[in-house]
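J.: Have a peek at start_21.cif (mmCIF, N, CA and C atoms, pLDDT in the B column; chains and numbers go by the auth columns).
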```cif
data_entry
loop_
_atom_site.group_PDB
_atom_site.id
_atom_site.type_symbol
_atom_site.label_atom_id
_atom_site.label_comp_id
_atom_site.label_asym_id
_atom_site.label_seq_id
_atom_site.Cartn_x
_atom_site.Cartn_y
_atom_site.Cartn_z
_atom_site.B_iso_or_equiv
_atom_site.auth_seq_id
_atom_site.auth_asym_id
ATOM 1 N N ARG A 1 70.802 106.080 112.766 61.00 278 J
ATOM 2 C CA ARG A 1 70.303 105.313 113.898 61.00 278 J
ATOM 3 C C ARG A 1 71.396 104.496 114.558 61.00 278 J
ATOM 4 N N GLY A 2 72.613 104.646 114.097 61.00 279 J
ATOM 5 C CA GLY A 2 73.711 103.957 114.743 61.00 279 J
ATOM 6 C C GLY A 2 73.849 102.490 114.392 61.00 279 J
ATOM 7 N N VAL A 3 73.242 102.062 113.275 90.00 280 J
ATOM 8 C CA VAL A 3 73.319 100.652 112.924 90.00 280 J
ATOM 9 C C VAL A 3 74.523 100.345 112.039 90.00 280 J
ATOM 10 N N VAL A 4 75.200 101.353 111.527 95.00 281 J
ATOM 11 C CA VAL A 4 76.405 101.133 110.726 95.00 281 J
ATOM 12 C C VAL A 4 77.603 101.265 111.661 95.00 281 J
ATOM 13 N N VAL A 5 78.400 100.206 111.716 97.00 282 J
ATOM 14 C CA VAL A 5 79.525 100.129 112.638 97.00 282 J
ATOM 15 C C VAL A 5 80.821 100.057 111.847 97.00 282 J
ATOM 16 N N ARG A 6 81.766 100.946 112.193 97.00 283 J
ATOM 17 C CA ARG A 6 83.082 100.945 111.544 97.00 283 J
ATOM 18 C C ARG A 6 83.990 99.974 112.295 97.00 283 J
ATOM 19 N N VAL A 7 84.686 99.136 111.532 98.00 284 J
ATOM 20 C CA VAL A 7 85.644 98.190 112.097 98.00 284 J
ATOM 21 C C VAL A 7 87.019 98.572 111.555 98.00 284 J
ATOM 22 N N ALA A 8 87.977 98.788 112.461 97.00 285 J
ATOM 23 C CA ALA A 8 89.322 99.193 112.068 97.00 285 J
ATOM 24 C C ALA A 8 89.983 98.122 111.195 97.00 285 J
ATOM 25 N N GLY A 9 90.826 98.563 110.299 95.00 286 J
ATOM 26 C CA GLY A 9 91.470 97.679 109.334 95.00 286 J
ATOM 27 C C GLY A 9 92.349 96.601 109.934 95.00 286 J
ATOM 28 N N GLU A 10 92.875 96.857 111.128 95.00 287 J
ATOM 29 C CA GLU A 10 93.763 95.856 111.728 95.00 287 J
ATOM 30 C C GLU A 10 93.005 94.678 112.336 95.00 287 J
ATOM 31 N N LEU A 11 91.676 94.786 112.441 97.00 288 J
ATOM 32 C CA LEU A 11 90.868 93.689 112.976 97.00 288 J
ATOM 33 C C LEU A 11 90.364 92.786 111.858 97.00 288 J
ATOM 34 N N ASP A 12 90.063 91.555 112.203 97.00 289 J
ATOM 35 C CA ASP A 12 89.447 90.606 111.281 97.00 289 J
ATOM 36 C C ASP A 12 87.939 90.859 111.306 97.00 289 J
ATOM 37 N N LEU A 13 87.395 91.308 110.190 97.00 290 J
ATOM 38 C CA LEU A 13 85.980 91.667 110.120 97.00 290 J
ATOM 39 C C LEU A 13 85.080 90.503 110.525 97.00 290 J
ATOM 40 N N ILE A 14 85.406 89.305 110.092 97.00 291 J
ATOM 41 C CA ILE A 14 84.581 88.134 110.414 97.00 291 J
ATOM 42 C C ILE A 14 84.639 87.833 111.913 97.00 291 J
ATOM 43 N N GLU A 15 85.814 87.973 112.503 98.00 292 J
ATOM 44 C CA GLU A 15 85.945 87.750 113.951 98.00 292 J
ATOM 45 C C GLU A 15 85.071 88.731 114.734 98.00 292 J
ATOM 46 N N VAL A 16 85.043 89.980 114.309 98.00 293 J
ATOM 47 C CA VAL A 16 84.204 90.979 114.963 98.00 293 J
ATOM 48 C C VAL A 16 82.732 90.638 114.767 98.00 293 J
ATOM 49 N N ALA A 17 82.362 90.233 113.566 97.00 294 J
ATOM 50 C CA ALA A 17 80.967 89.873 113.291 97.00 294 J
ATOM 51 C C ALA A 17 80.526 88.697 114.161 97.00 294 J
ATOM 52 N N VAL A 18 81.382 87.692 114.288 97.00 295 J
ATOM 53 C CA VAL A 18 81.048 86.533 115.128 97.00 295 J
ATOM 54 C C VAL A 18 80.892 86.972 116.586 97.00 295 J
ATOM 55 N N ALA A 19 81.798 87.817 117.062 98.00 296 J
ATOM 56 C CA ALA A 19 81.708 88.303 118.443 98.00 296 J
ATOM 57 C C ALA A 19 80.395 89.051 118.669 98.00 296 J
ATOM 58 N N MET A 20 79.975 89.850 117.701 96.00 297 J
ATOM 59 C CA MET A 20 78.709 90.577 117.838 96.00 297 J
ATOM 60 C C MET A 20 77.527 89.619 117.801 96.00 297 J
ATOM 61 N N ALA A 21 77.574 88.637 116.911 96.00 298 J
ATOM 62 C CA ALA A 21 76.477 87.674 116.806 96.00 298 J
ATOM 63 C C ALA A 21 76.350 86.848 118.085 96.00 298 J
ATOM 64 N N GLN A 22 77.483 86.590 118.731 97.00 299 J
ATOM 65 C CA GLN A 22 77.478 85.793 119.961 97.00 299 J
ATOM 66 C C GLN A 22 77.364 86.661 121.208 97.00 299 J
ATOM 67 N N ASP A 23 77.193 87.963 121.016 95.00 300 J
ATOM 68 C CA ASP A 23 77.054 88.918 122.115 95.00 300 J
ATOM 69 C C ASP A 23 78.238 88.820 123.084 95.00 300 J
ATOM 70 N N ASP A 24 79.449 88.777 122.518 97.00 301 J
ATOM 71 C CA ASP A 24 80.685 88.718 123.300 97.00 301 J
ATOM 72 C C ASP A 24 81.031 90.122 123.776 97.00 301 J
ATOM 73 N N GLY A 25 80.391 90.524 124.863 96.00 302 J
ATOM 74 C CA GLY A 25 80.545 91.882 125.372 96.00 302 J
ATOM 75 C C GLY A 25 81.965 92.246 125.733 96.00 302 J
ATOM 76 N N ALA A 26 82.746 91.278 126.255 97.00 303 J
ATOM 77 C CA ALA A 26 84.130 91.566 126.655 97.00 303 J
ATOM 78 C C ALA A 26 84.971 91.977 125.447 97.00 303 J
ATOM 79 N N ALA A 27 84.894 91.197 124.369 97.00 304 J
ATOM 80 C CA ALA A 27 85.678 91.505 123.165 97.00 304 J
ATOM 81 C C ALA A 27 85.213 92.813 122.535 97.00 304 J
ATOM 82 N N ILE A 28 83.911 92.984 122.426 97.00 305 J
ATOM 83 C CA ILE A 28 83.366 94.194 121.802 97.00 305 J
ATOM 84 C C ILE A 28 83.766 95.424 122.611 97.00 305 J
ATOM 85 N N SER A 29 83.654 95.337 123.922 97.00 306 J
ATOM 86 C CA SER A 29 84.033 96.447 124.792 97.00 306 J
ATOM 87 C C SER A 29 85.513 96.782 124.647 97.00 306 J
ATOM 88 N N ARG A 30 86.367 95.771 124.584 98.00 307 J
ATOM 89 C CA ARG A 30 87.809 95.973 124.413 98.00 307 J
ATOM 90 C C ARG A 30 88.091 96.727 123.109 98.00 307 J
ATOM 91 N N TRP A 31 87.462 96.271 122.030 98.00 308 J
ATOM 92 C CA TRP A 31 87.665 96.927 120.723 98.00 308 J
ATOM 93 C C TRP A 31 87.125 98.353 120.722 98.00 308 J
ATOM 94 N N MET A 32 85.981 98.551 121.368 97.00 309 J
ATOM 95 C CA MET A 32 85.400 99.893 121.409 97.00 309 J
ATOM 96 C C MET A 32 86.288 100.838 122.210 97.00 309 J
ATOM 97 N N GLN A 33 86.792 100.379 123.347 98.00 310 J
ATOM 98 C CA GLN A 33 87.663 101.220 124.168 98.00 310 J
ATOM 99 C C GLN A 33 88.956 101.566 123.433 98.00 310 J
ATOM 100 N N ALA A 34 89.418 100.668 122.580 98.00 311 J
ATOM 101 C CA ALA A 34 90.628 100.907 121.790 98.00 311 J
ATOM 102 C C ALA A 34 90.351 101.754 120.546 98.00 311 J
ATOM 103 N N GLY A 35 89.071 102.082 120.311 97.00 312 J
ATOM 104 C CA GLY A 35 88.715 102.878 119.138 97.00 312 J
ATOM 105 C C GLY A 35 88.722 102.079 117.845 97.00 312 J
ATOM 106 N N GLN A 36 88.707 100.748 117.957 98.00 313 J
ATOM 107 C CA GLN A 36 88.767 99.895 116.772 98.00 313 J
ATOM 108 C C GLN A 36 87.397 99.523 116.231 98.00 313 J
ATOM 109 N N VAL A 37 86.371 99.654 117.049 98.00 314 J
ATOM 110 C CA VAL A 37 84.996 99.351 116.654 98.00 314 J
ATOM 111 C C VAL A 37 84.116 100.455 117.214 98.00 314 J
ATOM 112 N N GLY A 38 83.225 100.957 116.394 96.00 315 J
ATOM 113 C CA GLY A 38 82.318 102.000 116.874 96.00 315 J
ATOM 114 C C GLY A 38 81.393 102.482 115.786 96.00 315 J
ATOM 115 N N LYS A 39 80.460 103.306 116.200 94.00 316 J
ATOM 116 C CA LYS A 39 79.504 103.884 115.259 94.00 316 J
ATOM 117 C C LYS A 39 80.262 104.639 114.169 94.00 316 J
ATOM 118 N N LEU A 40 79.830 104.465 112.940 95.00 317 J
ATOM 119 C CA LEU A 40 80.443 105.180 111.822 95.00 317 J
ATOM 120 C C LEU A 40 80.176 106.669 111.984 95.00 317 J
ATOM 121 N N SER A 41 81.251 107.441 112.076 94.00 318 J
ATOM 122 C CA SER A 41 81.093 108.886 112.242 94.00 318 J
ATOM 123 C C SER A 41 80.758 109.543 110.908 94.00 318 J
ATOM 124 N N ASP A 42 80.152 110.715 111.003 94.00 319 J
ATOM 125 C CA ASP A 42 79.842 111.483 109.790 94.00 319 J
ATOM 126 C C ASP A 42 81.130 111.826 109.040 94.00 319 J
ATOM 127 N N ASP A 43 82.195 112.147 109.787 96.00 320 J
ATOM 128 C CA ASP A 43 83.467 112.502 109.145 96.00 320 J
ATOM 129 C C ASP A 43 84.042 111.330 108.355 96.00 320 J
ATOM 130 N N THR A 44 83.987 110.130 108.946 95.00 321 J
ATOM 131 C CA THR A 44 84.491 108.956 108.235 95.00 321 J
ATOM 132 C C THR A 44 83.636 108.658 107.016 95.00 321 J
ATOM 133 N N ALA A 45 82.330 108.788 107.161 95.00 322 J
ATOM 134 C CA ALA A 45 81.427 108.553 106.024 95.00 322 J
ATOM 135 C C ALA A 45 81.730 109.525 104.888 95.00 322 J
ATOM 136 N N ARG A 46 81.964 110.794 105.223 96.00 323 J
ATOM 137 C CA ARG A 46 82.296 111.789 104.191 96.00 323 J
ATOM 138 C C ARG A 46 83.641 111.464 103.544 96.00 323 J
ATOM 139 N N ASP A 47 84.620 111.052 104.367 96.00 324 J
ATOM 140 C CA ASP A 47 85.935 110.681 103.847 96.00 324 J
ATOM 141 C C ASP A 47 85.804 109.530 102.856 96.00 324 J
ATOM 142 N N TRP A 48 85.044 108.512 103.232 95.00 325 J
ATOM 143 C CA TRP A 48 84.851 107.367 102.335 95.00 325 J
ATOM 144 C C TRP A 48 84.150 107.789 101.050 95.00 325 J
ATOM 145 N N LEU A 49 83.182 108.682 101.161 95.00 326 J
ATOM 146 C CA LEU A 49 82.465 109.146 99.972 95.00 326 J
ATOM 147 C C LEU A 49 83.427 109.888 99.041 95.00 326 J
ATOM 148 N N THR A 50 84.297 110.703 99.606 97.00 327 J
ATOM 149 C CA THR A 50 85.256 111.472 98.816 97.00 327 J
ATOM 150 C C THR A 50 86.303 110.584 98.158 97.00 327 J
ATOM 151 N N ARG A 51 86.884 109.678 98.949 95.00 328 J
ATOM 152 C CA ARG A 51 87.980 108.837 98.448 95.00 328 J
ATOM 153 C C ARG A 51 87.509 107.608 97.684 95.00 328 J
ATOM 154 N N ASP A 52 86.314 107.137 97.954 95.00 329 J
ATOM 155 C CA ASP A 52 85.741 105.945 97.319 95.00 329 J
ATOM 156 C C ASP A 52 86.650 104.719 97.447 95.00 329 J
ATOM 157 N N PRO A 53 87.062 104.374 98.696 95.00 330 J
ATOM 158 C CA PRO A 53 87.918 103.198 98.867 95.00 330 J
ATOM 159 C C PRO A 53 87.108 101.911 98.735 95.00 330 J
ATOM 160 N N ASP A 54 87.813 100.786 98.592 95.00 331 J
ATOM 161 C CA ASP A 54 87.145 99.485 98.623 95.00 331 J
ATOM 162 C C ASP A 54 86.723 99.223 100.061 95.00 331 J
ATOM 163 N N LEU A 55 85.474 98.824 100.236 97.00 332 J
ATOM 164 C CA LEU A 55 84.950 98.534 101.565 97.00 332 J
ATOM 165 C C LEU A 55 84.450 97.102 101.621 97.00 332 J
ATOM 166 N N TRP A 56 84.613 96.480 102.792 95.00 333 J
ATOM 167 C CA TRP A 56 84.033 95.173 103.054 95.00 333 J
ATOM 168 C C TRP A 56 82.922 95.402 104.054 95.00 333 J
ATOM 169 N N SER A 57 81.881 94.606 103.966 96.00 334 J
ATOM 170 C CA SER A 57 80.814 94.733 104.956 96.00 334 J
ATOM 171 C C SER A 57 80.197 93.371 105.223 96.00 334 J
ATOM 172 N N VAL A 58 79.605 93.274 106.392 96.00 335 J
ATOM 173 C CA VAL A 58 78.889 92.067 106.780 96.00 335 J
ATOM 174 C C VAL A 58 77.710 92.517 107.638 96.00 335 J
ATOM 175 N N VAL A 59 76.595 91.853 107.470 94.00 336 J
ATOM 176 C CA VAL A 59 75.396 92.189 108.238 94.00 336 J
ATOM 177 C C VAL A 59 75.258 91.226 109.405 94.00 336 J
ATOM 178 N N VAL A 60 75.162 91.787 110.591 93.00 337 J
ATOM 179 C CA VAL A 60 74.815 91.051 111.801 93.00 337 J
ATOM 180 C C VAL A 60 73.648 91.844 112.374 93.00 337 J
ATOM 181 N N ALA A 61 72.444 91.493 111.896 89.00 338 J
ATOM 182 C CA ALA A 61 71.256 92.292 112.209 89.00 338 J
ATOM 183 C C ALA A 61 71.160 92.560 113.705 89.00 338 J
ATOM 184 N N PRO A 62 70.913 93.803 114.090 91.00 339 J
ATOM 185 C CA PRO A 62 70.534 94.947 113.253 91.00 339 J
ATOM 186 C C PRO A 62 71.714 95.791 112.779 91.00 339 J
ATOM 187 N N TRP A 63 72.943 95.307 112.903 94.00 340 J
ATOM 188 C CA TRP A 63 74.108 96.102 112.543 94.00 340 J
ATOM 189 C C TRP A 63 74.644 95.742 111.166 94.00 340 J
ATOM 190 N N VAL A 64 75.269 96.736 110.545 96.00 341 J
ATOM 191 C CA VAL A 64 76.055 96.525 109.326 96.00 341 J
ATOM 192 C C VAL A 64 77.467 96.935 109.678 96.00 341 J
ATOM 193 N N LEU A 65 78.372 95.973 109.673 97.00 342 J
ATOM 194 C CA LEU A 65 79.775 96.243 110.000 97.00 342 J
ATOM 195 C C LEU A 65 80.498 96.555 108.697 97.00 342 J
ATOM 196 N N VAL A 66 81.250 97.653 108.690 97.00 343 J
ATOM 197 C CA VAL A 66 81.949 98.100 107.483 97.00 343 J
ATOM 198 C C VAL A 66 83.413 98.327 107.819 97.00 343 J
ATOM 199 N N GLN A 67 84.265 97.881 106.902 98.00 344 J
ATOM 200 C CA GLN A 67 85.707 98.020 107.100 98.00 344 J
ATOM 201 C C GLN A 67 86.338 98.436 105.779 98.00 344 J
ATOM 202 N N GLU A 68 87.233 99.425 105.875 96.00 345 J
ATOM 203 C CA GLU A 68 87.978 99.802 104.674 96.00 345 J
ATOM 204 C C GLU A 68 88.970 98.701 104.367 96.00 345 J
ATOM 205 N N ARG A 69 88.946 98.236 103.138 91.00 346 J
ATOM 206 C CA ARG A 69 89.807 97.135 102.715 91.00 346 J
ATOM 207 C C ARG A 69 91.213 97.670 102.463 91.00 346 J
ATOM 208 N N ALA A 70 92.169 97.041 103.105 78.00 347 J
ATOM 209 C CA ALA A 70 93.566 97.429 102.920 78.00 347 J
ATOM 210 C C ALA A 70 94.082 96.879 101.606 78.00 347 J
ATOM 211 N N HIS A 71 94.919 97.638 100.942 65.00 348 J
ATOM 212 C CA HIS A 71 95.537 97.180 99.698 65.00 348 J
ATOM 213 C C HIS A 71 96.948 96.722 100.006 65.00 348 J
ATOM 214 N N HIS A 72 97.249 95.484 99.644 53.00 349 J
ATOM 215 C CA HIS A 72 98.581 94.946 99.912 53.00 349 J
ATOM 216 C C HIS A 72 99.326 94.737 98.622 53.00 349 J
#
```
Produce structure tokens that represent the structure in this file.
T.:
Amino acid sequence: RGVVVRVAGELDLIEVAVAMAQDDGAAISRWMQAGQVGKLSDDTARDWLTRDPDLWSVVVAPWVLVQERAHH
């Protein structure tokens, strides 16, 4: 249903969640156009299932924002 949203690793997950909660269309649109925020694709979901990476998530109803956690 498109409620799971992928957030690129270079973004701050909390910053994106706050922007969505505040309906900051300008920021969200910028990230979407850059391919940094968008609906979780089936290919990415399969990749995550195969690799089993650490994921971070936050709920901003009705969305669940998910980001692959970078290892430093």
J.: For the structure provided, state which residues fall under the PyMOL selection byres ((chain J and resi 317) around 6.5), and present them as a PDB file with N, CA and C atoms, in the frame of the given file.
T.:
```pdb
ATOM      1  N   GLY J 279      72.613 104.646 114.097  1.00 61.00           N
ATOM      2  CA  GLY J 279      73.711 103.957 114.743  1.00 61.00           C
ATOM      3  C   GLY J 279      73.849 102.490 114.392  1.00 61.00           C
ATOM      4  N   VAL J 281      75.200 101.353 111.527  1.00 95.00           N
ATOM      5  CA  VAL J 281      76.405 101.133 110.726  1.00 95.00           C
ATOM      6  C   VAL J 281      77.603 101.265 111.661  1.00 95.00           C
ATOM      7  N   VAL J 282      78.400 100.206 111.716  1.00 97.00           N
ATOM      8  CA  VAL J 282      79.525 100.129 112.638  1.00 97.00           C
ATOM      9  C   VAL J 282      80.821 100.057 111.847  1.00 97.00           C
ATOM     10  N   ARG J 283      81.766 100.946 112.193  1.00 97.00           N
ATOM     11  CA  ARG J 283      83.082 100.945 111.544  1.00 97.00           C
ATOM     12  C   ARG J 283      83.990  99.974 112.295  1.00 97.00           C
ATOM     13  N   GLY J 315      83.225 100.957 116.394  1.00 96.00           N
ATOM     14  CA  GLY J 315      82.318 102.000 116.874  1.00 96.00           C
ATOM     15  C   GLY J 315      81.393 102.482 115.786  1.00 96.00           C
ATOM     16  N   LYS J 316      80.460 103.306 116.200  1.00 94.00           N
ATOM     17  CA  LYS J 316      79.504 103.884 115.259  1.00 94.00           C
ATOM     18  C   LYS J 316      80.262 104.639 114.169  1.00 94.00           C
ATOM     19  N   SER J 318      81.251 107.441 112.076  1.00 94.00           N
ATOM     20  CA  SER J 318      81.093 108.886 112.242  1.00 94.00           C
ATOM     21  C   SER J 318      80.758 109.543 110.908  1.00 94.00           C
ATOM     22  N   ASP J 319      80.152 110.715 111.003  1.00 94.00           N
ATOM     23  CA  ASP J 319      79.842 111.483 109.790  1.00 94.00           C
ATOM     24  C   ASP J 319      81.130 111.826 109.040  1.00 94.00           C
ATOM     25  N   ASP J 320      82.195 112.147 109.787  1.00 96.00           N
ATOM     26  CA  ASP J 320      83.467 112.502 109.145  1.00 96.00           C
ATOM     27  C   ASP J 320      84.042 111.330 108.355  1.00 96.00           C
ATOM     28  N   THR J 321      83.987 110.130 108.946  1.00 95.00           N
ATOM     29  CA  THR J 321      84.491 108.956 108.235  1.00 95.00           C
ATOM     30  C   THR J 321      83.636 108.658 107.016  1.00 95.00           C
ATOM     31  N   ALA J 322      82.330 108.788 107.161  1.00 95.00           N
ATOM     32  CA  ALA J 322      81.427 108.553 106.024  1.00 95.00           C
ATOM     33  C   ALA J 322      81.730 109.525 104.888  1.00 95.00           C
TER      34      ALA J 322
END
```
J.: Using the chain letters and numbering of this document, enumerate as a ChimeraX atom specification the residues selected by the PyMOL selection byres ((chain J and resi 337) around 8).
T.: /J:294-295,297-298,334-336,338-342
J.: Residues around (90.4, 101.7, 113.3), cut-off 5 Å, counting all atoms listed in the file - what are they as a list in words?
T.: Val284, Ala285, Gly286, Gly312 and Gln313 of chain J
J.: Grab the residues selected above and save them as a compact mmCIF listing (two decimals), in the coordinates of the input with N, CA and C atoms.
T.:
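Contents of result_0.txt, freshly written:
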```
# COMPACT_ATOMS: atom_id res chain seq x y z
N VAL J 284 84.69 99.14 111.53
CA VAL J 284 85.64 98.19 112.10
C VAL J 284 87.02 98.57 111.56
N ALA J 285 87.98 98.79 112.46
CA ALA J 285 89.32 99.19 112.07
C ALA J 285 89.98 98.12 111.20
N GLY J 286 90.83 98.56 110.30
CA GLY J 286 91.47 97.68 109.33
C GLY J 286 92.35 96.60 109.93
N GLY J 312 89.07 102.08 120.31
CA GLY J 312 88.72 102.88 119.14
C GLY J 312 88.72 102.08 117.84
N GLN J 313 88.71 100.75 117.96
CA GLN J 313 88.77 99.90 116.77
C GLN J 313 87.40 99.52 116.23
```
J.: Write out as a list in words which residues come within 7 Å of J:Glu345 when counting only C-alpha atoms, dropping same-chain ones fewer than 2 positions away.
T.: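 In the requested format, the answer is Gly286, Pro330, Asp331, Leu332, Trp333, Val343 and Ala347 of chain J.
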J.: From the options J:Arg346, J:Glu292, J:Val314, J:Ile305, which residue's atoms come nearest to J:Asp329, counting only C-alpha atoms?
T.: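 Under the stated criterion, the closest residue is J:Arg346.
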J.: Would you please give, as a VMD selection string, all residues of chain J that DSSP assigns to strand (DSSP E or B) based on the backbone?
T.: chain J and resid 281 to 284 314 to 316 332 to 337 340 to 345
J.: Rounded to one decimal, what separation in Å do you get between atom CA of J:Val280 and atom CA of J:Asp300?
T.: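 Straight-line distance from atom CA of J:Val280 to atom CA of J:Asp300 works out to 15.4 Å.
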J.: Using Å and a single decimal, report how far atom CA of J:Gly302 sits from atom C of J:Asp289.
T.: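 Separating atom C of J:Asp289 from atom CA of J:Gly302 is a distance of 15.9 Å.
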J.: Rounded to one decimal, what separation in Å do you get between atom CA of J:Ala296 and atom CA of J:Met309?
T.: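 One can read the atom CA of J:Ala296 to atom CA of J:Met309 distance as 12.5 Å.
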J.: As a list in words, please: all residues of stretch 292-338 of chain J that backbone DSSP puts in helix (DSSP H, G or I).
T.: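 In stretch 292-338 of chain J, DSSP puts these residues in helix (DSSP H, G or I): Glu292, Val293, Ala294, Val295, Ala296, Met297, Ala298, Gly302, Ala303, Ala304, Ile305, Ser306, Arg307, Trp308, Met309, Gln310, Asp319, Asp320, Thr321, Ala322, Arg323, Asp324, Trp325, Leu326, Thr327 and Arg328 of chain J.
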J.: Show me, as JSON, the centre and edge lengths in Å to one decimal of the axis-aligned box that covers every listed atom of stretch 337-349 of chain J with 5 Å on each side.
T.:
```
{"center_x": 84.9, "center_y": 95.4, "center_z": 106.4, "size_x": 38.8, "size_y": 18.8, "size_z": 25.5}
```
J.: For stretch 280-293 of chain J, which lacks atoms in the input, supply N, CA, C and O atoms and format the output as a PDB file, in the coordinates of the input.
T.:
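Saved result, part.pdb, follows:
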```
ATOM      1  N   VAL J 280      73.242 102.062 113.275  1.00 90.00           N
ATOM      2  CA  VAL J 280      73.319 100.652 112.924  1.00 90.00           C
ATOM      3  C   VAL J 280      74.523 100.345 112.039  1.00 90.00           C
ATOM      4  O   VAL J 280      74.837  99.187 111.840  1.00 90.00           O
ATOM      5  N   VAL J 281      75.200 101.353 111.527  1.00 95.00           N
ATOM      6  CA  VAL J 281      76.405 101.133 110.726  1.00 95.00           C
ATOM      7  C   VAL J 281      77.603 101.265 111.661  1.00 95.00           C
ATOM      8  O   VAL J 281      77.783 102.279 112.327  1.00 95.00           O
ATOM      9  N   VAL J 282      78.400 100.206 111.716  1.00 97.00           N
ATOM     10  CA  VAL J 282      79.525 100.129 112.638  1.00 97.00           C
ATOM     11  C   VAL J 282      80.821 100.057 111.847  1.00 97.00           C
ATOM     12  O   VAL J 282      80.953  99.227 110.955  1.00 97.00           O
ATOM     13  N   ARG J 283      81.766 100.946 112.193  1.00 97.00           N
ATOM     14  CA  ARG J 283      83.082 100.945 111.544  1.00 97.00           C
ATOM     15  C   ARG J 283      83.990  99.974 112.295  1.00 97.00           C
ATOM     16  O   ARG J 283      84.057  99.975 113.519  1.00 97.00           O
ATOM     17  N   VAL J 284      84.686  99.136 111.532  1.00 98.00           N
ATOM     18  CA  VAL J 284      85.644  98.190 112.097  1.00 98.00           C
ATOM     19  C   VAL J 284      87.019  98.572 111.555  1.00 98.00           C
ATOM     20  O   VAL J 284      87.203  98.668 110.338  1.00 98.00           O
ATOM     21  N   ALA J 285      87.977  98.788 112.461  1.00 97.00           N
ATOM     22  CA  ALA J 285      89.322  99.193 112.068  1.00 97.00           C
ATOM     23  C   ALA J 285      89.983  98.122 111.195  1.00 97.00           C
ATOM     24  O   ALA J 285      89.723  96.923 111.354  1.00 97.00           O
ATOM     25  N   GLY J 286      90.826  98.563 110.299  1.00 95.00           N
ATOM     26  CA  GLY J 286      91.470  97.679 109.334  1.00 95.00           C
ATOM     27  C   GLY J 286      92.349  96.601 109.934  1.00 95.00           C
ATOM     28  O   GLY J 286      92.549  95.558 109.324  1.00 95.00           O
ATOM     29  N   GLU J 287      92.875  96.857 111.128  1.00 95.00           N
ATOM     30  CA  GLU J 287      93.763  95.856 111.728  1.00 95.00           C
ATOM     31  C   GLU J 287      93.005  94.678 112.336  1.00 95.00           C
ATOM     32  O   GLU J 287      93.611  93.676 112.706  1.00 95.00           O
ATOM     33  N   LEU J 288      91.676  94.786 112.441  1.00 97.00           N
ATOM     34  CA  LEU J 288      90.868  93.689 112.976  1.00 97.00           C
ATOM     35  C   LEU J 288      90.364  92.786 111.858  1.00 97.00           C
ATOM     36  O   LEU J 288      90.217  93.222 110.716  1.00 97.00           O
ATOM     37  N   ASP J 289      90.063  91.555 112.203  1.00 97.00           N
ATOM     38  CA  ASP J 289      89.447  90.606 111.281  1.00 97.00           C
ATOM     39  C   ASP J 289      87.939  90.859 111.306  1.00 97.00           C
ATOM     40  O   ASP J 289      87.291  90.679 112.346  1.00 97.00           O
ATOM     41  N   LEU J 290      87.395  91.308 110.190  1.00 97.00           N
ATOM     42  CA  LEU J 290      85.980  91.667 110.120  1.00 97.00           C
ATOM     43  C   LEU J 290      85.080  90.503 110.525  1.00 97.00           C
ATOM     44  O   LEU J 290      84.093  90.691 111.244  1.00 97.00           O
ATOM     45  N   ILE J 291      85.406  89.305 110.092  1.00 97.00           N
ATOM     46  CA  ILE J 291      84.581  88.134 110.414  1.00 97.00           C
ATOM     47  C   ILE J 291      84.639  87.833 111.913  1.00 97.00           C
ATOM     48  O   ILE J 291      83.627  87.500 112.534  1.00 97.00           O
ATOM     49  N   GLU J 292      85.814  87.973 112.503  1.00 98.00           N
ATOM     50  CA  GLU J 292      85.945  87.750 113.951  1.00 98.00           C
ATOM     51  C   GLU J 292      85.071  88.731 114.734  1.00 98.00           C
ATOM     52  O   GLU J 292      84.405  88.358 115.704  1.00 98.00           O
ATOM     53  N   VAL J 293      85.043  89.980 114.309  1.00 98.00           N
ATOM     54  CA  VAL J 293      84.204  90.979 114.963  1.00 98.00           C
ATOM     55  C   VAL J 293      82.732  90.638 114.767  1.00 98.00           C
ATOM     56  O   VAL J 293      81.935  90.718 115.709  1.00 98.00           O
TER      57      VAL J 293
END
```
